[in-house]
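A short write-up of the structure that comes next.
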Amino acid sequence: MEVVRGPWLATGEVFVRGTAASICHKLNRLGYYAGPPARAAATTDLLDKAKERFRRNHGDLRIIAAPTNDEFENALDGALGHAHGARPTLVDDQSTPIPEGTAIPGGNGAPLRVYVEAVGFEEDLANQTDEFMRQIPPNRGNAAIDWSTLHNKTRSEAGKLNRPLVPLEAVIYLKGHDGSRVAAPQAVGAVRVDWSALEPGEDVSHLPLNHDLHLGTRAYVNRVLGSDFVDLAGDGGTNCPVAYGGIRTKDGNFRNPFWREPQSYAPYATPTEDARARKLWVPAFTDGAAHPNRVGRSGIYLQPSLIAGDRYQVRARLSYAGRGNAMQLKAANPICQYETKPIVVWRRVEVFGIVGWPLRNHGNLPQKCRDRYAEAYLEVDFSHTQYRRISQVINDTDYSDWFTHIRTHVKPSVASVVGLLDTTHVHDASPVVRLRPDVELSANQKNNIWFFVSDMFNELVSTANVRSAGGFLLSRISDRLRTGDAPCGGIVMLEYKLSDDIVDALETSDAGEVPTTSNGNGDLLGIIDQSVDANPDFVFTHEVGHCFWLTHHEASSGVVPQHHDPLDHNCMMSYPDWEQKRPQYPHHAPARFDPHFCGKCNLKLRGWDITHDDILALDPPAPVDQLSTLFYYDRADPGLQWNVEMGHVRNAFALASRGPFRERFFDRDANFDTWVNQLGDCDIYHHVTHGNVRCSKHAMRLASMDMAYPRYPTWCRNDRSKVESLATREEELCVETGFDPVALTQWAKESLIMPKLGWSLLSPDHTLRSVIQWTVDDNDSSRDVEFTYEAIERALKRGKKPPRLLAFFSSCLIGWEHHFARLFIDHGTPYVIAFRSRYQTSQALPFSQEFYRILALSKLEPQFIHRAFQTAATGHPHAEPCLFTKDNIVRCVAKTKAGEAEFHDVKWDSKEFYEPRFPTQ
């Protein structure tokens with residue numbers, strides 16, 4: 001068996017000219033997917049959409065609002081007779097068409113492509129708007145947006161385009177006496193052929209990912225494709241589900257990639273569903289008298305989704321199901337099947353024309369543009385692009401009409417340049433030409449020129465049913481270019497550059513600047529100022545992006561945050577940093593800016609509905625890469641190695657955040673009010689000082705163990721003899737037992753100071769809370785300035801704010817008791833990290849380094865804090881790092897002295913949190 005590309009008309013039927021069936025068949029041949037001809041007369045939805053797409057892409061037909069069937073037939077015949085009249089549909093990876101009757105390449109290797117037209121947005125002159133503007137919410141802040149009330153690219157395209165239709169035939173061969181393949185169709189019989197379409201998951205390794213450039217297309221797309229919203233069956237499937245514009249469903253998905261309506265791929269039978277086997281089956285055709293060339297074959301229409309990047313691997317298998325001897329046949333015969341290469345949906349658009357004013361050399365611009373869009377499975381085809389000087393497209397009358405249109409409908413005051421500028425002739429050198437270039441301009445004349453230039457390409461529609469200034473000119477250029485029978489849809493871009501003398505006049509006008517216009521408009525038309533300070537390939541690709549509904553990302557206007565991955569700072573729809581406001585992104589410098597499309601742009605270009613609630617839910621709750629960080633440390637004690645730890649934290653944030661990283665310290669001058677006022681002005685707070693547990697009753701810090709690890713507090717220093725006896729007993733026990741964990745645990749439970757939880761000897765006179773210490777005297781820690789729990793509690797109750805996301809205390813013993821962490825959590829900090837033990841600095845440094853490394857790789861998303869903590873703690877458990885959240889506490893302990901970690905999830909009211917744990921050998 002092999003699967004071949006079937007003919008569009010397998011019956012050989014001849015249709016009457018002018019009928020729906022005739023037009024439908026010709027549209028299919030030209031690549032407009034009009035559906036089966038037998039369906040066209042009775043159910044016209046697919047035919048009507050295909051006719052409209054053809055009309056818009058045909059030079060003569062596009063200017064006729066409602067062509068007759070005869071006019072359609074004439075245009076279709078003209079296109080069929082043109083060398084490039086038919087659009088490619090099913091092709092190999094080099095865009096070479098797979099001819100009818102040719103076997104579809106099988107196996108793996110480079111996938112095949114099935115093309116869908118890439119369409120732009122449409123204007124609504126009557127309402128002085130367009131589909132692009134109607135997709136933009138009126139409130140672009142954080143208020144809730146009802147996206148269902150706005151225009152939507154996915155829904156719009158579904159209303160304009162039909163899904164691809166690919167006729168396939170399974171050709172069944174017999175085995176000859178010599179074992180060779182024999183074509184004997186009359187001997188095949190009405191055997192059952194099962195059709196299925198595997199949906200292999202997308203390998204996203206081709207997508208860009210560069211942390212140094214804050215580029216994360218691959219990371220975002222992978223996050224969406226790997227989510228439960230998309231991987232419906234848990235099998236790694238990545239084709240777009242129905243909810244977001246695709247056709248994949250959790251149940252019954254085996255049906256969806258095939259045509260299943262009663263009007264089947266004639267003359268083959270309508271596919272029969274076998275839900276248990278998850279297959280569609282079509283018997284081999286046997287009526288040799290009716291259609292002898294179809295005998296011994298099974299036929300079906302493959303009907304993929306509209307979503308670029310969706311992929312299908314078609315399998316045709318001979319089946320014995322339903323036969324009385326099915327088991328014997330199955331046992332006696334090997335599997336007889338054919339499996340095609342994956343067939344991937346691609347969007348496709350031609351760059352029909354580039355009009356230069358003046359014409360310029362484009363160098364590698366076409367290749368760069370193709371490469372960027374190919375990442376979204378959108379082929380931008382420059383192979384038949386017409387490069388024209390403006391005078392080859394419009395004439396003097398057209399230019400004069402344009403000026404008159406501006407003067408009449410846009411800005412009457414431009415009449416002031418009549419007699420100053422040539423308003424009746426088109427010049428290749430510049431859109432604006434002075435009549436008397438040798439005469440010095442007055443200040444008023446310069447201003448008049450400035451007002452004209454600022455509005456000559458204006459895209460604002462100020463009067464219903466009247467085009468804008470730029471829209472009028474682009475429409476005239478389009479009408480002049482798009483003629484003939486070849487497909488003439490696609491992108492038309494006008495590229496202009498003002499002459500030096502006009503630029504000089506504008507720069508010396510009262511405005512002191514040169515107005516500039518670059519935009520992508522409806523109907524795939526656009527304007528580019530060649531003088532923009534940026535790489536030409538970026539400008540071209542960016543403006544084409546607007547033609548495909550893409551809004552701005554990091555730019556001065558037109559930004560819709562929900563349309564972009566907030567973690568990506570190298571998006572094609574951003575502006576270069578012309579105003580030098582993004583020094584943290586040196587790659588945004590105009591000369592260096594070489595962006596890709598962010599993950600959301602990538603999916604939007606493919607056809608995904610990126611504003612669906614499910615997709616938006618995958619965004620972080622806030623633009624986390626803008627999180628601010630406050631690093632506070634005790635500069636008076638270099639032994640803390642705060643400089644090393646700050647380097648680790650700062651370097652990690654440089655990879656993922658464009659928010660401010662602020663460094664603050666005290667150097668023997670700690671002031672509580674200064675500290676607490678700054679504490680809440682950050683999202684992530686990292687703290688490096690000494691720490692301890694303090695008895696509030698006696699205003700004294702506790703003593704700690706000094707030999708065994710972990711080093712827990714022993715007793716309040718108000719009882720010096722108790723502290724000394726415990727120190728002596730610790731030493732004896734460690735020496736006598738060789739640090740036996742059982743003996744140490746028993747001693748600690750019976751002897752050490754602890755909260756009142758059953759085994760403790762703690763007197764009610766002791767109130768234990770963590771305390772922050774600041775150095776005053778290097779040789780006398782008793783003089784340290786203390787920021788106490790009680791002081792922090794009073795400040796927070798008075799309205800001072802804690803960190804908004806994470807408080808990380810890289811200090812000894814701050815996490816030994818949980819009231820300190822609870823104080824922050826109760827006042828709004830979701831995550832607190834602190835250590836339960838006294839430790840050496842060498843244990844804290846690698847923990848914080850690893851924690852922030854993992855968090856930065858996860859783009860600082862809050863849901864990854866737990867994973868980053870667990871990864872860091874696994875390698876550095878001896879200081880007993882703890883992660884405190886509203887719901888529970890994760891306590892990490894060292895199970896062995898070698899550093900094997902053990903995690904305990906404990907409730908806030910559980911005494912397990914305070915239970916001493918010592919590692920085994």
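Ordered as shown in the structure tokens, chains take letters A, B, and onward, while each chain numbers its residues from 1 and ligands are numbered from 1 in the order shown.
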Using only C-alpha atoms, which residues sit within 10 Å of Gly201 (chain A) once same-chain residues fewer than 5 positions away are excluded, as a compact mmCIF listing (two decimals) with all heavy atoms, in the first residue's frame?
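File produced: result.txt:
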```txt
# COMPACT_ATOMS: atom_id res chain seq x y z
N LEU A 225 2.38 24.99 25.01
CA LEU A 225 2.16 23.68 24.41
C LEU A 225 2.21 22.56 25.46
O LEU A 225 1.55 21.53 25.30
CB LEU A 225 3.21 23.41 23.33
CG LEU A 225 3.23 24.37 22.14
CD1 LEU A 225 4.20 23.87 21.07
CD2 LEU A 225 1.85 24.55 21.54
N GLY A 226 2.97 22.76 26.51
CA GLY A 226 3.08 21.74 27.54
C GLY A 226 2.04 21.85 28.64
O GLY A 226 2.02 21.02 29.55
N ASP A 231 -2.18 20.03 26.13
CA ASP A 231 -1.90 18.59 26.15
C ASP A 231 -3.11 17.87 26.76
O ASP A 231 -3.07 17.36 27.87
CB ASP A 231 -0.63 18.32 26.95
CG ASP A 231 -0.16 16.87 26.81
OD1 ASP A 231 -0.77 16.13 26.01
OD2 ASP A 231 0.80 16.49 27.51
N ASP A 235 -0.56 13.11 26.27
CA ASP A 235 0.30 12.31 25.39
C ASP A 235 1.34 13.15 24.67
O ASP A 235 1.98 12.68 23.73
CB ASP A 235 -0.56 11.58 24.35
CG ASP A 235 -1.41 12.53 23.51
OD1 ASP A 235 -1.34 13.77 23.75
OD2 ASP A 235 -2.16 12.06 22.64
N GLY A 236 1.50 14.39 25.12
CA GLY A 236 2.48 15.26 24.47
C GLY A 236 1.99 15.93 23.21
O GLY A 236 2.76 16.58 22.50
N GLY A 237 0.69 15.82 22.91
CA GLY A 237 0.14 16.46 21.72
C GLY A 237 0.18 17.96 21.83
O GLY A 237 -0.10 18.54 22.88
N THR A 238 0.53 18.62 20.74
CA THR A 238 0.67 20.08 20.77
C THR A 238 -0.19 20.80 19.74
O THR A 238 -0.15 22.02 19.66
CB THR A 238 2.15 20.48 20.53
OG1 THR A 238 2.59 19.93 19.28
CG2 THR A 238 3.04 19.97 21.66
N ASN A 239 -0.96 20.06 18.93
CA ASN A 239 -1.84 20.74 17.98
C ASN A 239 -2.86 21.58 18.74
O ASN A 239 -3.29 21.24 19.84
CB ASN A 239 -2.54 19.72 17.10
CG ASN A 239 -1.65 19.19 15.99
OD1 ASN A 239 -0.47 19.55 15.91
ND2 ASN A 239 -2.19 18.33 15.14
N GLY A 309 1.75 25.35 12.21
CA GLY A 309 2.50 24.56 13.18
C GLY A 309 1.80 23.29 13.57
O GLY A 309 2.44 22.36 14.08
N ASP A 310 0.48 23.18 13.38
CA ASP A 310 -0.20 21.92 13.63
C ASP A 310 0.31 20.89 12.64
O ASP A 310 0.58 21.21 11.47
CB ASP A 310 -1.72 22.09 13.49
CG ASP A 310 -2.34 22.69 14.74
OD1 ASP A 310 -1.59 23.06 15.66
OD2 ASP A 310 -3.59 22.79 14.79
N ARG A 311 0.41 19.65 13.08
CA ARG A 311 1.04 18.62 12.23
C ARG A 311 0.26 17.31 12.30
O ARG A 311 -0.30 16.94 13.33
CB ARG A 311 2.49 18.42 12.65
CG ARG A 311 2.68 18.02 14.10
CD ARG A 311 4.09 18.39 14.58
NE ARG A 311 4.32 19.81 14.47
CZ ARG A 311 5.44 20.37 13.98
NH1 ARG A 311 6.44 19.61 13.62
NH2 ARG A 311 5.57 21.67 13.90
N TYR A 312 0.28 16.61 11.16
CA TYR A 312 -0.48 15.38 11.02
C TYR A 312 0.35 14.37 10.23
O TYR A 312 0.91 14.70 9.18
CB TYR A 312 -1.80 15.64 10.28
CG TYR A 312 -2.61 16.75 10.89
CD1 TYR A 312 -2.40 18.08 10.52
CD2 TYR A 312 -3.56 16.49 11.88
CE1 TYR A 312 -3.13 19.11 11.09
CE2 TYR A 312 -4.29 17.51 12.46
CZ TYR A 312 -4.07 18.82 12.06
OH TYR A 312 -4.78 19.84 12.64
```
Checklist entry - If we count only C-alpha atoms, what is near Ala486 (chain A) at a cut-off of 7 Å, once residues fewer than 2 positions away on the same chain are taken out, given as a list in words? => result His58, Ala79, His82, His84, Gly85, Gly484 and Cys488 of chain A
Now that the selection is made, can you save its residues with all heavy atoms as a compact mmCIF listing (two decimals), in the first residue's frame?
```txt
# COMPACT_ATOMS: atom_id res chain seq x y z
N HIS A 58 -7.31 38.50 -7.21
CA HIS A 58 -7.27 38.54 -8.68
C HIS A 58 -7.31 39.98 -9.17
O HIS A 58 -8.14 40.78 -8.72
CB HIS A 58 -8.46 37.76 -9.27
CG HIS A 58 -8.36 37.59 -10.74
ND1 HIS A 58 -8.85 38.49 -11.65
CD2 HIS A 58 -7.80 36.59 -11.50
CE1 HIS A 58 -8.62 38.08 -12.88
NE2 HIS A 58 -7.98 36.93 -12.82
N ALA A 79 -6.48 32.56 -14.56
CA ALA A 79 -5.52 32.17 -13.53
C ALA A 79 -4.96 30.78 -13.81
O ALA A 79 -3.76 30.53 -13.63
CB ALA A 79 -6.17 32.22 -12.15
N HIS A 82 -2.25 30.86 -16.32
CA HIS A 82 -1.05 31.64 -16.00
C HIS A 82 0.00 30.74 -15.34
O HIS A 82 -0.33 29.82 -14.59
CB HIS A 82 -1.41 32.79 -15.05
CG HIS A 82 -0.35 33.83 -14.92
ND1 HIS A 82 0.79 33.66 -14.16
CD2 HIS A 82 -0.24 35.07 -15.49
CE1 HIS A 82 1.54 34.74 -14.24
NE2 HIS A 82 0.94 35.62 -15.04
N HIS A 84 1.95 31.24 -12.94
CA HIS A 84 1.92 31.29 -11.48
C HIS A 84 0.50 31.49 -10.95
O HIS A 84 0.32 32.00 -9.85
CB HIS A 84 2.82 32.41 -10.97
CG HIS A 84 4.23 32.32 -11.46
ND1 HIS A 84 5.07 31.27 -11.13
CD2 HIS A 84 4.95 33.12 -12.27
CE1 HIS A 84 6.25 31.45 -11.71
NE2 HIS A 84 6.21 32.56 -12.42
N GLY A 85 -0.48 31.06 -11.75
CA GLY A 85 -1.86 31.31 -11.37
C GLY A 85 -2.32 30.49 -10.19
O GLY A 85 -3.14 30.94 -9.39
N GLY A 484 -4.08 41.76 -13.71
CA GLY A 484 -3.75 40.51 -14.39
C GLY A 484 -4.32 39.30 -13.70
O GLY A 484 -5.07 39.38 -12.72
N CYS A 488 -2.46 38.25 -7.12
CA CYS A 488 -1.89 39.57 -6.90
C CYS A 488 -2.17 40.07 -5.49
O CYS A 488 -2.03 41.26 -5.20
CB CYS A 488 -2.41 40.58 -7.93
SG CYS A 488 -4.19 40.83 -7.83
```
Item to check | 10 Å contact set for Glu117 (chain A), only C-alpha atoms, chain neighbours under 3 positions out, as a PyMOL selection string | outcome: chain A and resi 31-32+53+87+89+120+157+160-164+306+346-350+378-379+489-490
Next on the checklist: I'd like to know which of A:Gln328, A:Thr483, A:Asn139, A:Asn519 is closest to Pro561 (chain A), using only C-alpha atoms.
Outcome noted: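 Under the stated criterion, the closest residue is A:Asn139.
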With only C-alpha atoms as the counted atoms, please give the residues lying no more than 10 Å from Arg317 (chain A), apart from itself and same-chain residues fewer than 5 positions off, as a PDB file with N, CA, C and O atoms, in the first residue's frame.
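Written out: result35.pdb:
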```pdb
ATOM      1  N   MET A   1       0.846  -1.189   0.000  1.00  0.00           N
ATOM      2  CA  MET A   1       0.000   0.000   0.000  1.00  0.00           C
ATOM      3  C   MET A   1       0.881   1.239   0.000  1.00  0.00           C
ATOM      4  O   MET A   1       1.961   1.242   0.581  1.00  0.00           O
ATOM      5  N   GLU A   2       0.428   2.270  -0.684  1.00  0.00           N
ATOM      6  CA  GLU A   2       1.059   3.581  -0.560  1.00  0.00           C
ATOM      7  C   GLU A   2      -0.029   4.645  -0.667  1.00  0.00           C
ATOM      8  O   GLU A   2      -1.083   4.418  -1.251  1.00  0.00           O
ATOM      9  N   ALA A 170      -5.283   5.798  -1.030  1.00  0.00           N
ATOM     10  CA  ALA A 170      -4.453   4.663  -0.648  1.00  0.00           C
ATOM     11  C   ALA A 170      -4.518   3.655  -1.796  1.00  0.00           C
ATOM     12  O   ALA A 170      -5.585   3.119  -2.105  1.00  0.00           O
ATOM     13  N   ILE A 172      -3.668   0.121  -3.255  1.00  0.00           N
ATOM     14  CA  ILE A 172      -3.410  -1.203  -2.694  1.00  0.00           C
ATOM     15  C   ILE A 172      -2.802  -2.086  -3.776  1.00  0.00           C
ATOM     16  O   ILE A 172      -3.336  -2.199  -4.891  1.00  0.00           O
ATOM     17  N   ARG A 192     -11.243  -3.153   3.489  1.00  0.00           N
ATOM     18  CA  ARG A 192     -11.379  -1.991   4.378  1.00  0.00           C
ATOM     19  C   ARG A 192     -10.015  -1.342   4.578  1.00  0.00           C
ATOM     20  O   ARG A 192      -9.031  -2.019   4.878  1.00  0.00           O
ATOM     21  N   VAL A 193      -9.978  -0.033   4.431  1.00  0.00           N
ATOM     22  CA  VAL A 193      -8.761   0.738   4.700  1.00  0.00           C
ATOM     23  C   VAL A 193      -9.055   1.702   5.846  1.00  0.00           C
ATOM     24  O   VAL A 193      -9.964   2.529   5.756  1.00  0.00           O
ATOM     25  N   ASP A 194      -8.307   1.547   6.921  1.00  0.00           N
ATOM     26  CA  ASP A 194      -8.438   2.437   8.081  1.00  0.00           C
ATOM     27  C   ASP A 194      -7.548   3.656   7.881  1.00  0.00           C
ATOM     28  O   ASP A 194      -6.349   3.529   7.578  1.00  0.00           O
ATOM     29  N   TRP A 195      -8.141   4.820   8.067  1.00  0.00           N
ATOM     30  CA  TRP A 195      -7.397   6.080   7.958  1.00  0.00           C
ATOM     31  C   TRP A 195      -7.272   6.706   9.352  1.00  0.00           C
ATOM     32  O   TRP A 195      -8.232   6.768  10.110  1.00  0.00           O
ATOM     33  N   SER A 196      -6.091   7.176   9.653  1.00  0.00           N
ATOM     34  CA  SER A 196      -5.879   7.900  10.907  1.00  0.00           C
ATOM     35  C   SER A 196      -4.816   8.960  10.678  1.00  0.00           C
ATOM     36  O   SER A 196      -4.045   8.898   9.713  1.00  0.00           O
ATOM     37  N   LYS A 279     -10.593   5.108  14.471  1.00  0.00           N
ATOM     38  CA  LYS A 279     -10.225   5.172  13.068  1.00  0.00           C
ATOM     39  C   LYS A 279     -11.445   5.583  12.244  1.00  0.00           C
ATOM     40  O   LYS A 279     -12.599   5.412  12.653  1.00  0.00           O
ATOM     41  N   TRP A 281     -12.801   4.585   8.355  1.00  0.00           N
ATOM     42  CA  TRP A 281     -12.436   3.635   7.312  1.00  0.00           C
ATOM     43  C   TRP A 281     -13.281   3.848   6.055  1.00  0.00           C
ATOM     44  O   TRP A 281     -14.431   4.266   6.109  1.00  0.00           O
ATOM     45  N   ILE A 335       1.469  -6.575   8.971  1.00  0.00           N
ATOM     46  CA  ILE A 335       0.733  -5.312   8.906  1.00  0.00           C
ATOM     47  C   ILE A 335       0.983  -4.670   7.555  1.00  0.00           C
ATOM     48  O   ILE A 335       2.136  -4.530   7.104  1.00  0.00           O
ATOM     49  N   CYS A 336      -0.089  -4.307   6.901  1.00  0.00           N
ATOM     50  CA  CYS A 336       0.012  -3.650   5.595  1.00  0.00           C
ATOM     51  C   CYS A 336      -0.459  -2.208   5.778  1.00  0.00           C
ATOM     52  O   CYS A 336      -1.658  -1.944   5.914  1.00  0.00           O
ATOM     53  N   GLN A 337       0.480  -1.289   5.802  1.00  0.00           N
ATOM     54  CA  GLN A 337       0.110   0.111   6.023  1.00  0.00           C
ATOM     55  C   GLN A 337       1.143   1.033   5.384  1.00  0.00           C
ATOM     56  O   GLN A 337       2.246   0.606   5.019  1.00  0.00           O
ATOM     57  N   TYR A 338       0.739   2.285   5.254  1.00  0.00           N
ATOM     58  CA  TYR A 338       1.648   3.324   4.742  1.00  0.00           C
ATOM     59  C   TYR A 338       1.491   4.539   5.634  1.00  0.00           C
ATOM     60  O   TYR A 338       0.372   4.924   5.985  1.00  0.00           O
ATOM     61  N   GLU A 339       2.598   5.121   6.010  1.00  0.00           N
ATOM     62  CA  GLU A 339       2.583   6.281   6.898  1.00  0.00           C
ATOM     63  C   GLU A 339       3.363   7.402   6.241  1.00  0.00           C
ATOM     64  O   GLU A 339       4.532   7.237   5.877  1.00  0.00           O
TER      65      GLU A 339
END
```
Next on the checklist: Quick check, in Å to one decimal: how far apart do CA of Glu169 (chain A) and CA of Gly245 (chain A) lie?
Outcome noted: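 CA of Gly245 (chain A) lies 28.2 Å from CA of Glu169 (chain A).
Candidate residues A:Thr871, A:Gln128, A:Gln94, A:Asn521 were compared for distance to Asn465 (chain A), and the nearest is A:Gln128, using only C-alpha atoms.
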List the spatial neighbours of Asn448 (chain A) as a JSON list (two decimals) with C-alpha atoms, in the first residue's frame - criterion: any atom at most 8 Å away, only C-alpha atoms, same-chain residues fewer than 6 positions off excluded.
```json
[["chain", "number", "residue", "atom", "x", "y", "z"],
["A", 414, "VAL", "CA", -1.67, 72.24, 3.21],
["A", 416, "SER", "CA", -0.05, 76.80, 1.83],
["A", 417, "VAL", "CA", 2.58, 74.69, 0.05]]
```
Item to check | region 647-794 of chain A: residues DSSP assigns to strand (DSSP E), reported as a VMD selection string | outcome: chain A and resid 661 to 666 684 to 688 690 to 695 700 to 704 713 to 716 768 to 774 785 to 788
Only C-alpha atoms, please: the residues just picked out, written as an mmCIF file, in the first residue's frame.
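Saved as selection.cif:
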```
data_model
loop_
_atom_site.group_PDB
_atom_site.id
_atom_site.type_symbol
_atom_site.label_atom_id
_atom_site.label_comp_id
_atom_site.auth_asym_id
_atom_site.auth_seq_id
_atom_site.Cartn_x
_atom_site.Cartn_y
_atom_site.Cartn_z
ATOM 1 C CA PHE A 661 18.346 46.186 41.825
ATOM 2 C CA ARG A 662 19.083 48.392 44.819
ATOM 3 C CA GLU A 663 21.951 47.929 47.227
ATOM 4 C CA ARG A 664 21.597 49.263 50.774
ATOM 5 C CA PHE A 665 23.764 48.777 53.859
ATOM 6 C CA PHE A 666 24.621 49.986 57.323
ATOM 7 C CA ILE A 684 12.270 40.638 46.599
ATOM 8 C CA TYR A 685 14.224 41.426 49.732
ATOM 9 C CA HIS A 686 17.583 39.752 50.384
ATOM 10 C CA HIS A 687 19.174 40.246 53.775
ATOM 11 C CA VAL A 688 22.768 39.505 54.893
ATOM 12 C CA HIS A 690 24.108 38.160 61.701
ATOM 13 C CA GLY A 691 20.978 36.770 63.303
ATOM 14 C CA ASN A 692 19.924 34.954 66.446
ATOM 15 C CA VAL A 693 17.024 34.097 68.742
ATOM 16 C CA ARG A 694 16.249 36.572 71.474
ATOM 17 C CA CYS A 695 14.445 36.183 74.774
ATOM 18 C CA MET A 700 19.079 38.737 75.816
ATOM 19 C CA ARG A 701 20.118 36.623 72.866
ATOM 20 C CA LEU A 702 20.375 32.859 73.293
ATOM 21 C CA ALA A 703 23.561 30.864 73.380
ATOM 22 C CA SER A 704 24.005 28.163 70.741
ATOM 23 C CA PRO A 713 20.098 27.523 70.475
ATOM 24 C CA THR A 714 20.769 26.115 73.943
ATOM 25 C CA TRP A 715 19.506 28.566 76.585
ATOM 26 C CA CYS A 716 18.832 32.165 77.474
ATOM 27 C CA LEU A 768 11.636 33.513 72.117
ATOM 28 C CA ARG A 769 11.693 35.473 68.864
ATOM 29 C CA SER A 770 14.212 35.865 66.064
ATOM 30 C CA VAL A 771 16.301 39.016 65.957
ATOM 31 C CA ILE A 772 18.401 40.803 63.327
ATOM 32 C CA GLN A 773 21.851 42.007 64.406
ATOM 33 C CA TRP A 774 24.026 44.833 63.049
ATOM 34 C CA VAL A 785 22.214 46.910 67.219
ATOM 35 C CA GLU A 786 19.142 44.686 67.319
ATOM 36 C CA PHE A 787 16.090 44.924 65.097
ATOM 37 C CA THR A 788 13.682 42.939 67.240
#
```
Item to check | Residues within 6 Å of Lys341 (chain A), only C-alpha atoms, excluding chain neighbours under 2 positions, as a PyMOL selection string | outcome: chain A and resi 105-108+111+313
Next on the checklist: Using DSSP secondary structure from the backbone, list all alpha helix (DSSP H) positions within region 114-233 of chain A, as a PyMOL selection string.
Outcome noted: chain A and resi 131-134+153-160+217-225
Next on the checklist: Could you list, as JSON, numbers by chain, every residue within 7 Å of region 38-44 of chain A, counting only C-alpha atoms and ignoring same-chain residues fewer than 5 positions away?
Outcome noted: {"A": [20, 21, 24, 263]}
